[in-house]
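Novice: PDB, C-alpha atoms, saved as run_2.pdb, coming up:
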MODEL        1
ATOM      1  CA  MET T 964      65.333  42.943 221.182  1.00  0.00           C
ATOM      2  CA  PRO T 965      65.916  42.089 217.476  1.00  0.00           C
ATOM      3  CA  PRO T 966      65.452  44.988 215.069  1.00  0.00           C
ATOM      4  CA  ARG T 967      62.011  45.257 213.491  1.00  0.00           C
ATOM      5  CA  ALA T 968      61.662  44.791 209.744  1.00  0.00           C
ATOM      6  CA  THR T 969      61.255  48.091 207.968  1.00  0.00           C
ATOM      7  CA  LYS T 970      59.407  48.789 204.728  1.00  0.00           C
ATOM      8  CA  HIS T 971      62.819  49.026 203.082  1.00  0.00           C
ATOM      9  CA  HIS T 972      63.780  45.533 204.268  1.00  0.00           C
ATOM     10  CA  LEU T 973      60.424  44.089 203.225  1.00  0.00           C
ATOM     11  CA  SER T 974      60.804  45.610 199.765  1.00  0.00           C
ATOM     12  CA  TRP T 975      64.184  43.970 199.273  1.00  0.00           C
ATOM     13  CA  LEU T 976      62.798  40.667 200.574  1.00  0.00           C
ATOM     14  CA  PHE T 977      59.954  40.861 198.051  1.00  0.00           C
ATOM     15  CA  VAL T 978      62.378  41.632 195.230  1.00  0.00           C
ATOM     16  CA  GLY T 979      64.536  38.678 196.234  1.00  0.00           C
ATOM     17  CA  LEU T 980      61.625  36.263 196.352  1.00  0.00           C
ATOM     18  CA  LEU T 981      60.381  37.547 192.983  1.00  0.00           C
ATOM     19  CA  GLY T 982      63.815  36.965 191.490  1.00  0.00           C
ATOM     20  CA  VAL T 983      63.996  33.397 192.804  1.00  0.00           C
ATOM     21  CA  THR T 984      60.481  32.661 191.522  1.00  0.00           C
ATOM     22  CA  THR T 985      61.253  34.118 188.099  1.00  0.00           C
ATOM     23  CA  MET T 986      64.436  32.071 187.848  1.00  0.00           C
ATOM     24  CA  ALA T 987      62.596  28.885 188.812  1.00  0.00           C
ATOM     25  CA  LEU T 988      59.898  29.516 186.218  1.00  0.00           C
ATOM     26  CA  SER T 989      62.561  30.254 183.591  1.00  0.00           C
ATOM     27  CA  ILE T 990      64.302  26.962 184.321  1.00  0.00           C
ATOM     28  CA  VAL T 991      61.004  25.069 184.063  1.00  0.00           C
ATOM     29  CA  GLY T 992      60.150  26.826 180.806  1.00  0.00           C
ATOM     30  CA  PHE T 993      63.622  26.236 179.351  1.00  0.00           C
ATOM     31  CA  THR T 994      63.491  22.550 180.269  1.00  0.00           C
ATOM     32  CA  ALA T 995      60.059  22.189 178.653  1.00  0.00           C
ATOM     33  CA  GLU T 996      61.212  23.900 175.456  1.00  0.00           C
ATOM     34  CA  GLN T 997      64.352  21.763 175.296  1.00  0.00           C
ATOM     35  CA  SER T 998      62.250  18.618 175.678  1.00  0.00           C
ATOM     36  CA  HIS T 999      60.312  19.615 172.547  1.00  0.00           C
ATOM     37  CA  ILE T1000      63.501  20.028 170.530  1.00  0.00           C
ATOM     38  CA  LEU T1001      65.107  16.798 171.793  1.00  0.00           C
ATOM     39  CA  ALA T1002      61.992  14.623 171.493  1.00  0.00           C
ATOM     40  CA  GLY T1003      62.601  11.410 169.590  1.00  0.00           C
ATOM     41  CA  GLY T1004      66.351  11.145 169.981  1.00  0.00           C
ATOM     42  CA  GLY T1005      69.039  11.939 167.470  1.00  0.00           C
ATOM     43  CA  SER T1006      68.673   9.768 164.373  1.00  0.00           C
ATOM     44  CA  PRO T1007      66.473  10.862 161.463  1.00  0.00           C
ATOM     45  CA  ARG T1008      64.299   7.752 161.837  1.00  0.00           C
ATOM     46  CA  GLU T1009      63.811   8.287 165.566  1.00  0.00           C
ATOM     47  CA  ARG T1010      62.829  11.907 165.043  1.00  0.00           C
ATOM     48  CA  MET T1011      60.429  10.910 162.267  1.00  0.00           C
ATOM     49  CA  GLU T1012      58.864   8.288 164.537  1.00  0.00           C
ATOM     50  CA  ALA T1013      58.429  10.918 167.265  1.00  0.00           C
ATOM     51  CA  PHE T1014      56.117  12.819 164.902  1.00  0.00           C
ATOM     52  CA  VAL T1015      54.128   9.664 164.147  1.00  0.00           C
ATOM     53  CA  ALA T1016      53.748   8.913 167.867  1.00  0.00           C
ATOM     54  CA  GLY T1017      52.671  12.489 168.632  1.00  0.00           C
ATOM     55  CA  ASP T1018      55.693  13.083 170.872  1.00  0.00           C
ATOM     56  CA  ARG T1019      57.015  16.052 168.889  1.00  0.00           C
ATOM     57  CA  HIS T1020      55.329  19.301 169.901  1.00  0.00           C
ATOM     58  CA  VAL T1021      55.492  22.852 168.628  1.00  0.00           C
ATOM     59  CA  GLY T1022      56.574  24.625 171.804  1.00  0.00           C
ATOM     60  CA  MET T1023      56.194  28.329 172.560  1.00  0.00           C
ATOM     61  CA  ALA T1024      59.576  29.925 171.856  1.00  0.00           C
ATOM     62  CA  ASN T1025      60.496  31.143 168.362  1.00  0.00           C
ATOM     63  CA  THR T1026      63.603  28.958 168.347  1.00  0.00           C
ATOM     64  CA  THR T1027      61.635  25.862 169.346  1.00  0.00           C
ATOM     65  CA  GLN T1028      59.060  26.539 166.659  1.00  0.00           C
ATOM     66  CA  ARG T1029      61.767  27.050 164.048  1.00  0.00           C
ATOM     67  CA  TRP T1030      63.319  23.704 164.949  1.00  0.00           C
ATOM     68  CA  PHE T1031      59.884  22.096 164.767  1.00  0.00           C
ATOM     69  CA  VAL T1032      59.549  23.200 161.136  1.00  0.00           C
ATOM     70  CA  ILE T1033      63.116  22.106 160.319  1.00  0.00           C
ATOM     71  CA  ASP T1034      62.493  18.725 161.945  1.00  0.00           C
ATOM     72  CA  CYS T1035      59.239  18.436 160.013  1.00  0.00           C
ATOM     73  CA  ARG T1036      60.928  19.074 156.706  1.00  0.00           C
ATOM     74  CA  ASN T1037      63.732  16.621 157.436  1.00  0.00           C
ATOM     75  CA  SER T1038      61.341  13.958 158.743  1.00  0.00           C
ATOM     76  CA  ILE T1039      59.093  14.237 155.686  1.00  0.00           C
ATOM     77  CA  ILE T1040      62.109  13.928 153.394  1.00  0.00           C
ATOM     78  CA  HIS T1041      63.317  10.907 155.381  1.00  0.00           C
ATOM     79  CA  ALA T1042      59.871   9.281 155.179  1.00  0.00           C
ATOM     80  CA  PHE T1043      59.682   9.733 151.404  1.00  0.00           C
ATOM     81  CA  THR T1044      63.244   8.592 150.670  1.00  0.00           C
ATOM     82  CA  ASN T1045      63.370   5.495 152.898  1.00  0.00           C
ATOM     83  CA  PRO T1046      61.292   2.336 153.270  1.00  0.00           C
ATOM     84  CA  VAL T1047      58.702   2.963 155.995  1.00  0.00           C
ATOM     85  CA  ALA T1048      55.544   1.285 157.210  1.00  0.00           C
ATOM     86  CA  ASP T1049      52.218   2.018 155.540  1.00  0.00           C
ATOM     87  CA  GLY T1050      50.676   5.270 156.670  1.00  0.00           C
ATOM     88  CA  VAL T1051      53.888   6.748 158.089  1.00  0.00           C
ATOM     89  CA  ARG T1052      54.359   9.273 155.292  1.00  0.00           C
ATOM     90  CA  GLU T1053      50.826  10.623 155.627  1.00  0.00           C
ATOM     91  CA  ALA T1054      51.013  10.612 159.437  1.00  0.00           C
ATOM     92  CA  VAL T1055      54.245  12.616 159.502  1.00  0.00           C
ATOM     93  CA  SER T1056      52.959  15.045 156.894  1.00  0.00           C
ATOM     94  CA  ARG T1057      49.680  15.657 158.720  1.00  0.00           C
ATOM     95  CA  ARG T1058      51.414  16.142 162.075  1.00  0.00           C
ATOM     96  CA  CYS T1059      53.690  18.669 160.427  1.00  0.00           C
ATOM     97  CA  LEU T1060      50.848  20.491 158.698  1.00  0.00           C
ATOM     98  CA  ASP T1061      48.829  20.693 161.927  1.00  0.00           C
ATOM     99  CA  GLY T1062      51.870  21.903 163.877  1.00  0.00           C
ATOM    100  CA  ALA T1063      52.847  24.531 161.324  1.00  0.00           C
ATOM    101  CA  LEU T1064      49.309  25.892 161.177  1.00  0.00           C
ATOM    102  CA  ALA T1065      49.160  25.904 164.987  1.00  0.00           C
ATOM    103  CA  ILE T1066      52.195  28.204 164.946  1.00  0.00           C
ATOM    104  CA  THR T1067      50.535  30.550 162.452  1.00  0.00           C
ATOM    105  CA  GLU T1068      47.442  30.795 164.647  1.00  0.00           C
ATOM    106  CA  THR T1069      49.461  32.570 167.342  1.00  0.00           C
ATOM    107  CA  ALA T1070      52.130  34.010 165.023  1.00  0.00           C
ATOM    108  CA  PRO T1071      50.488  34.761 161.665  1.00  0.00           C
ATOM    109  CA  ILE T1072      53.628  36.588 160.488  1.00  0.00           C
ATOM    110  CA  SER T1073      55.799  33.488 160.923  1.00  0.00           C
ATOM    111  CA  SER T1074      57.042  33.109 157.362  1.00  0.00           C
ATOM    112  CA  PHE T1075      58.926  29.912 158.148  1.00  0.00           C
ATOM    113  CA  ALA T1076      55.817  28.280 159.662  1.00  0.00           C
ATOM    114  CA  TRP T1077      53.893  29.111 156.481  1.00  0.00           C
ATOM    115  CA  PHE T1078      56.712  27.468 154.514  1.00  0.00           C
ATOM    116  CA  GLY T1079      56.394  24.417 156.772  1.00  0.00           C
ATOM    117  CA  ALA T1080      52.683  24.254 155.995  1.00  0.00           C
ATOM    118  CA  ALA T1081      53.452  24.491 152.269  1.00  0.00           C
ATOM    119  CA  HIS T1082      56.025  21.696 152.480  1.00  0.00           C
ATOM    120  CA  ALA T1083      53.641  19.413 154.404  1.00  0.00           C
ATOM    121  CA  SER T1084      50.849  20.170 151.920  1.00  0.00           C
ATOM    122  CA  LEU T1085      53.196  19.188 149.089  1.00  0.00           C
ATOM    123  CA  ALA T1086      53.828  15.859 150.816  1.00  0.00           C
ATOM    124  CA  LEU T1087      50.051  15.363 151.079  1.00  0.00           C
ATOM    125  CA  GLN T1088      49.669  16.277 147.386  1.00  0.00           C
ATOM    126  CA  ASP T1089      47.445  19.193 148.321  1.00  0.00           C
ATOM    127  CA  TRP T1090      48.570  21.548 145.569  1.00  0.00           C
ATOM    128  CA  ASP T1091      46.055  24.283 146.450  1.00  0.00           C
ATOM    129  CA  GLY T1092      47.249  24.290 150.049  1.00  0.00           C
ATOM    130  CA  MET T1093      50.885  24.286 148.968  1.00  0.00           C
ATOM    131  CA  ASN T1094      50.320  27.316 146.737  1.00  0.00           C
ATOM    132  CA  LEU T1095      48.290  29.185 149.352  1.00  0.00           C
ATOM    133  CA  TYR T1096      50.880  28.707 152.097  1.00  0.00           C
ATOM    134  CA  LEU T1097      53.780  29.532 149.775  1.00  0.00           C
ATOM    135  CA  GLU T1098      52.133  32.860 148.985  1.00  0.00           C
ATOM    136  CA  ARG T1099      51.625  33.563 152.690  1.00  0.00           C
ATOM    137  CA  SER T1100      55.246  32.682 153.435  1.00  0.00           C
ATOM    138  CA  HIS T1101      56.409  35.182 150.848  1.00  0.00           C
ATOM    139  CA  ALA T1102      53.946  37.834 152.038  1.00  0.00           C
ATOM    140  CA  THR T1103      55.282  37.596 155.601  1.00  0.00           C
ATOM    141  CA  GLY T1104      58.990  37.137 154.799  1.00  0.00           C
ATOM    142  CA  ALA T1105      59.792  38.442 151.346  1.00  0.00           C
ATOM    143  CA  GLN T1106      63.219  39.736 152.407  1.00  0.00           C
ATOM    144  CA  GLU T1107      64.279  36.820 154.617  1.00  0.00           C
ATOM    145  CA  GLY T1108      67.024  35.230 152.532  1.00  0.00           C
ATOM    146  CA  TRP T1109      67.323  32.014 154.519  1.00  0.00           C
ATOM    147  CA  ILE T1110      63.571  31.377 154.226  1.00  0.00           C
ATOM    148  CA  ALA T1111      63.586  32.386 150.555  1.00  0.00           C
ATOM    149  CA  ARG T1112      66.179  29.658 149.978  1.00  0.00           C
ATOM    150  CA  TYR T1113      63.779  27.033 151.411  1.00  0.00           C
ATOM    151  CA  ARG T1114      60.894  28.389 149.326  1.00  0.00           C
ATOM    152  CA  ALA T1115      63.037  28.507 146.183  1.00  0.00           C
ATOM    153  CA  GLU T1116      64.082  24.888 146.597  1.00  0.00           C
ATOM    154  CA  LEU T1117      60.476  23.769 146.973  1.00  0.00           C
ATOM    155  CA  ALA T1118      59.375  25.860 143.994  1.00  0.00           C
ATOM    156  CA  ALA T1119      62.267  24.706 141.786  1.00  0.00           C
ATOM    157  CA  ASP T1120      61.516  21.044 142.518  1.00  0.00           C
ATOM    158  CA  ASN T1121      57.798  21.515 141.821  1.00  0.00           C
ATOM    159  CA  TYR T1122      57.733  24.323 139.270  1.00  0.00           C
ATOM    160  CA  SER T1123      54.968  22.747 137.179  1.00  0.00           C
ATOM    161  CA  ARG T1124      52.727  22.525 140.260  1.00  0.00           C
ATOM    162  CA  ILE T1125      53.096  26.070 141.559  1.00  0.00           C
ATOM    163  CA  SER T1126      50.657  28.747 140.461  1.00  0.00           C
ATOM    164  CA  GLU T1127      51.516  31.635 138.152  1.00  0.00           C
ATOM    165  CA  ALA T1128      51.529  33.912 141.188  1.00  0.00           C
ATOM    166  CA  ASN T1129      54.053  31.669 142.932  1.00  0.00           C
ATOM    167  CA  GLN T1130      56.144  31.422 139.790  1.00  0.00           C
ATOM    168  CA  ALA T1131      56.484  35.203 139.899  1.00  0.00           C
ATOM    169  CA  LEU T1132      57.292  35.081 143.625  1.00  0.00           C
ATOM    170  CA  PHE T1133      59.818  32.316 142.931  1.00  0.00           C
ATOM    171  CA  ARG T1134      61.619  34.674 140.583  1.00  0.00           C
ATOM    172  CA  GLU T1135      61.634  37.323 143.323  1.00  0.00           C
ATOM    173  CA  ASP T1136      63.154  34.813 145.744  1.00  0.00           C
ATOM    174  CA  LEU T1137      65.855  33.867 143.238  1.00  0.00           C
ATOM    175  CA  THR T1138      66.647  37.547 142.704  1.00  0.00           C
ATOM    176  CA  LEU T1139      66.940  38.073 146.457  1.00  0.00           C
ATOM    177  CA  LEU T1140      69.314  35.104 146.728  1.00  0.00           C
ATOM    178  CA  ALA T1141      71.381  36.331 143.783  1.00  0.00           C
ATOM    179  CA  GLN T1142      71.771  39.696 145.481  1.00  0.00           C
ATOM    180  CA  ASN T1143      73.560  37.846 148.291  1.00  0.00           C
ATOM    181  CA  MET T1144      75.668  35.675 146.017  1.00  0.00           C
ATOM    182  CA  PHE T1145      78.319  35.061 148.669  1.00  0.00           C
ATOM    183  CA  ALA T1146      75.834  33.196 150.875  1.00  0.00           C
ATOM    184  CA  PHE T1147      73.675  31.519 148.231  1.00  0.00           C
ATOM    185  CA  SER T1148      75.910  31.034 145.176  1.00  0.00           C
ATOM    186  CA  GLU T1149      76.283  27.281 145.700  1.00  0.00           C
ATOM    187  CA  PHE T1150      72.520  26.810 145.948  1.00  0.00           C
ATOM    188  CA  LEU T1151      71.891  28.865 142.803  1.00  0.00           C
ATOM    189  CA  ALA T1152      74.667  27.148 140.846  1.00  0.00           C
ATOM    190  CA  GLY T1153      73.338  23.757 141.952  1.00  0.00           C
ATOM    191  CA  GLN T1154      69.871  24.635 140.700  1.00  0.00           C
ATOM    192  CA  TYR T1155      71.348  25.798 137.377  1.00  0.00           C
ATOM    193  CA  VAL T1156      73.228  22.532 136.903  1.00  0.00           C
ATOM    194  CA  SER T1157      70.409  20.189 137.966  1.00  0.00           C
ATOM    195  CA  LYS T1158      67.385  21.911 136.426  1.00  0.00           C
ATOM    196  CA  VAL T1159      67.835  22.651 132.741  1.00  0.00           C
ATOM    197  CA  ALA T1160      64.403  24.268 132.377  1.00  0.00           C
ATOM    198  CA  LEU T1161      65.306  26.957 134.918  1.00  0.00           C
ATOM    199  CA  ARG T1162      68.575  27.973 133.265  1.00  0.00           C
ATOM    200  CA  PRO T1163      67.160  30.838 131.147  1.00  0.00           C
ATOM    201  CA  MET T1164      65.545  32.429 134.213  1.00  0.00           C
ATOM    202  CA  LEU T1165      68.642  31.994 136.363  1.00  0.00           C
ATOM    203  CA  THR T1166      70.901  33.334 133.621  1.00  0.00           C
ATOM    204  CA  GLU T1167      68.718  36.420 133.185  1.00  0.00           C
ATOM    205  CA  ILE T1168      68.730  37.099 136.926  1.00  0.00           C
ATOM    206  CA  VAL T1169      72.461  36.542 137.412  1.00  0.00           C
ATOM    207  CA  GLU T1170      73.288  38.814 134.462  1.00  0.00           C
ATOM    208  CA  THR T1171      71.766  41.749 136.377  1.00  0.00           C
ATOM    209  CA  MET T1172      74.138  41.207 139.304  1.00  0.00           C
ATOM    210  CA  PRO T1173      77.580  42.832 139.769  1.00  0.00           C
ATOM    211  CA  GLN T1174      80.434  41.335 137.751  1.00  0.00           C
ATOM    212  CA  ALA T1175      82.057  39.747 140.790  1.00  0.00           C
ATOM    213  CA  SER T1176      78.815  37.920 141.609  1.00  0.00           C
ATOM    214  CA  GLN T1177      78.553  36.657 138.043  1.00  0.00           C
ATOM    215  CA  TRP T1178      82.122  35.350 138.132  1.00  0.00           C
ATOM    216  CA  ARG T1179      81.477  33.563 141.427  1.00  0.00           C
ATOM    217  CA  PHE T1180      78.331  31.964 140.028  1.00  0.00           C
ATOM    218  CA  LEU T1181      80.032  30.839 136.802  1.00  0.00           C
ATOM    219  CA  ALA T1182      83.000  29.376 138.669  1.00  0.00           C
ATOM    220  CA  LEU T1183      80.681  27.277 140.807  1.00  0.00           C
ATOM    221  CA  VAL T1184      78.641  26.168 137.787  1.00  0.00           C
ATOM    222  CA  ARG T1185      81.853  24.971 136.086  1.00  0.00           C
ATOM    223  CA  ARG T1186      82.968  23.147 139.232  1.00  0.00           C
ATOM    224  CA  LEU T1187      79.584  21.475 139.803  1.00  0.00           C
ATOM    225  CA  SER T1188      79.332  20.533 136.119  1.00  0.00           C
ATOM    226  CA  THR T1189      82.470  18.389 136.159  1.00  0.00           C
ATOM    227  CA  PRO T1190      81.762  14.641 136.576  1.00  0.00           C
ATOM    228  CA  SER T1191      83.862  14.347 139.739  1.00  0.00           C
ATOM    229  CA  THR T1192      81.767  16.907 141.651  1.00  0.00           C
ATOM    230  CA  GLN T1193      78.252  16.149 140.483  1.00  0.00           C
ATOM    231  CA  VAL T1194      75.952  14.908 143.231  1.00  0.00           C
ATOM    232  CA  PRO T1195      74.279  11.579 142.299  1.00  0.00           C
ATOM    233  CA  SER T1196      70.548  11.926 141.733  1.00  0.00           C
TER
ENDMDL
END
Could you write out this structure as structure tokens?

Specialist:
Amino acid sequence: MPPRATKHHLSWLFVGLLGVTTMALSIVGFTAEQSHILAGGGSPRERMEAFVAGDRHVGMANTTQRWFVIDCRNSIIHAFTNPVADGVREAVSRRCLDGALAITETAPISSFAWFGAAHASLALQDWDGMNLYLERSHATGAQEGWIARYRAELAADNYSRISEANQALFREDLTLLAQNMFAFSEFLAGQYVSKVALRPMLTEIVETMPQASQWRFLALVRRLSTPSTQVPS
């Protein structure tokens, strides 16, 4: 007669089945998340059109949501710097705003999602919304240098539109970036060269940094200021 299954054997069988089920669900989940990231194809126009068509979704994973915000930013920039059909700019911006706010509903401490909402609000010329979401981005990610760089770029390009509170937070972001001059020196030097009105603030901040950081900043400013290296506007 064949041996009877013991409790020990049944336990191992259950563990095995659980492992197979978990792996299958993981594969399904991974495939779904990847489909969100890859929606729309590879070109900037195709990815922009995916937002307009409603094919680009937020997803559940942090990485997927981060790429959603990055894609939003890039698609909005593409829409506003290229000839597109009527209504495309507003459609992309609203999709991005709705998606970013959907992320914050389940992850209210997602600083990058709040930045995404601020960027979309800027595109929609909703200055109150832009300022509100910028403040929330800073409140939830004041020490995140890579997010501070995104916020600082938005604030530098729209300094006259940001509130006094955000102007103060902008200075905090610039200080944070200057403290990591190795990673953000080119961004800071680029802002110094391209935005004359911000030079006094940037100079004051950089002068508080270690000497080596100041030298690195000045070297980049000199290089970017030469005609052969200036980026066309």

Novice: If the PyMOL selection byres ((chain T and resi 1006-1011) around 12) were run on this exact file, what residues would it hold? Put them as an mmCIF file with C-alpha atoms, keeping the file's coordinate frame.

Specialist:
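Now in selection.cif:
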data_model
loop_
_atom_site.group_PDB
_atom_site.id
_atom_site.type_symbol
_atom_site.label_atom_id
_atom_site.label_comp_id
_atom_site.auth_asym_id
_atom_site.auth_seq_id
_atom_site.Cartn_x
_atom_site.Cartn_y
_atom_site.Cartn_z
ATOM 1 C CA HIS T 999 60.312 19.615 172.547
ATOM 2 C CA ILE T 1000 63.501 20.028 170.530
ATOM 3 C CA LEU T 1001 65.107 16.798 171.793
ATOM 4 C CA ALA T 1002 61.992 14.623 171.493
ATOM 5 C CA GLY T 1003 62.601 11.410 169.590
ATOM 6 C CA GLY T 1004 66.351 11.145 169.981
ATOM 7 C CA GLY T 1005 69.039 11.939 167.470
ATOM 8 C CA GLU T 1012 58.864 8.288 164.537
ATOM 9 C CA ALA T 1013 58.429 10.918 167.265
ATOM 10 C CA PHE T 1014 56.117 12.819 164.902
ATOM 11 C CA VAL T 1015 54.128 9.664 164.147
ATOM 12 C CA ALA T 1016 53.748 8.913 167.867
ATOM 13 C CA GLY T 1017 52.671 12.489 168.632
ATOM 14 C CA ASP T 1018 55.693 13.083 170.872
ATOM 15 C CA ARG T 1019 57.015 16.052 168.889
ATOM 16 C CA HIS T 1020 55.329 19.301 169.901
ATOM 17 C CA TRP T 1030 63.319 23.704 164.949
ATOM 18 C CA PHE T 1031 59.884 22.096 164.767
ATOM 19 C CA ILE T 1033 63.116 22.106 160.319
ATOM 20 C CA ASP T 1034 62.493 18.725 161.945
ATOM 21 C CA CYS T 1035 59.239 18.436 160.013
ATOM 22 C CA ARG T 1036 60.928 19.074 156.706
ATOM 23 C CA ASN T 1037 63.732 16.621 157.436
ATOM 24 C CA SER T 1038 61.341 13.958 158.743
ATOM 25 C CA ILE T 1039 59.093 14.237 155.686
ATOM 26 C CA ILE T 1040 62.109 13.928 153.394
ATOM 27 C CA HIS T 1041 63.317 10.907 155.381
ATOM 28 C CA ALA T 1042 59.871 9.281 155.179
ATOM 29 C CA PHE T 1043 59.682 9.733 151.404
ATOM 30 C CA THR T 1044 63.244 8.592 150.670
ATOM 31 C CA ASN T 1045 63.370 5.495 152.898
ATOM 32 C CA PRO T 1046 61.292 2.336 153.270
ATOM 33 C CA VAL T 1047 58.702 2.963 155.995
ATOM 34 C CA ALA T 1048 55.544 1.285 157.210
ATOM 35 C CA VAL T 1051 53.888 6.748 158.089
ATOM 36 C CA ARG T 1052 54.359 9.273 155.292
ATOM 37 C CA GLU T 1053 50.826 10.623 155.627
ATOM 38 C CA ALA T 1054 51.013 10.612 159.437
ATOM 39 C CA VAL T 1055 54.245 12.616 159.502
ATOM 40 C CA SER T 1056 52.959 15.045 156.894
ATOM 41 C CA ARG T 1058 51.414 16.142 162.075
ATOM 42 C CA CYS T 1059 53.690 18.669 160.427
#

Novice: Specify as a PyMOL selection string each residue included when the PyMOL selection byres ((chain T and resi 1167) around 12) is applied to this file.

Specialist: chain T and resi 1134+1137-1138+1141+1155+1161-1166+1168-1172+1177

Novice: Could you state the separation of CA of Glu1098 in chain T and CA of Gly1022 in chain T in Å, given to one decimal place?

Specialist: 24.7 Å

Novice: I'd like the interatomic distance between CA of Asp1136 in chain T and CA of Leu1064 in chain T, to a tenth of an Å.

Specialist: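 It comes out at 22.6 Å.
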
Novice: Can you give me, as a VMD selection string, the residues this file yields under the PyMOL selection byres ((chain T and resi 1075-1081) around 8)?

Specialist: chain T and resid 1028 to 1029 1032 to 1033 1035 to 1036 1059 to 1061 1063 to 1064 1066 to 1067 1073 to 1074 1082 to 1085 1092 to 1097 1099 to 1100 1104 1110 1113 to 1114

Novice: When distances are computed from all atoms listed in the file, which of T:Ala1070, T:Asn1143, T:Ser1157, T:Leu1132 shows the smallest separation from Asp1120 in chain T?

Specialist: T:Ser1157

Novice: So the first atom is CA of Thr1027 in chain T and the second is CA of Thr1069 in chain T; what is the distance between them in Å, to one decimal place?

Specialist: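 These two atoms are separated by 14.0 Å.
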
Novice: Find the residue from T:Ser1176, T:Gln1130, T:Asn1121, T:Thr1189 that sits nearest to Ala1146 in chain T; use only C-alpha atoms when measuring.

Specialist: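 Nearest candidate to Ala1146 in chain T out of T:Ser1176, T:Gln1130, T:Asn1121, T:Thr1189: T:Ser1176.
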
Novice: Using all atoms of range 1026-1038 of chain T that appear in the file, construct an axis-aligned enclosing box with 5 Å of padding on every side and provide its centre coordinates and edge lengths in Å, rounded to one decimal, as JSON.

Specialist:
{"center_x": 61.4, "center_y": 21.5, "center_z": 163.0, "size_x": 14.7, "size_y": 25.0, "size_z": 22.6}

Novice: For a quick check of understanding, using all atoms listed in the file, which of T:Ala1152, T:Leu1117, T:Arg1057, T:Ile1072 has the smallest distance to Asn1129 in chain T?

Specialist: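 The closest residue to Asn1129 in chain T is T:Leu1117.
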
Novice: Which protein, DNA or RNA residues have an atom at most 6 Å from (78.3, 35.2, 144.2), counting all atoms listed in the file? List them as a PDB file with C-alpha atoms, in the frame of the given file.

Specialist:
ATOM      1  CA  MET T1144      75.668  35.675 146.017  1.00  0.00           C
ATOM      2  CA  PHE T1145      78.319  35.061 148.669  1.00  0.00           C
ATOM      3  CA  SER T1148      75.910  31.034 145.176  1.00  0.00           C
ATOM      4  CA  SER T1176      78.815  37.920 141.609  1.00  0.00           C
ATOM      5  CA  ARG T1179      81.477  33.563 141.427  1.00  0.00           C
ATOM      6  CA  PHE T1180      78.331  31.964 140.028  1.00  0.00           C
TER       7      PHE T1180
END

Novice: Which residue is closest to Ser1123 in chain T? Choose from T:Val1184, T:Trp1090, T:Leu1151, T:Gln1174 and count only C-alpha atoms.

Specialist: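 Closest residue, counting only C-alpha atoms: T:Trp1090.
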
Novice: Considering all atoms listed in the file, state which residue in the set T:Pro1071, T:Ala1119, T:Ala1086, T:Ala1065 is at the smallest distance from Thr1103 in chain T.

Specialist: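 Counting all atoms listed in the file, the residue closest to Thr1103 in chain T is T:Pro1071.
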
Novice: With all atoms listed in the file as the basis for distance, which of T:Ala1024, T:Asp1091, T:Gln1142, T:Glu1116 is at the shortest distance from Ala1175 in chain T?

Specialist: T:Gln1142
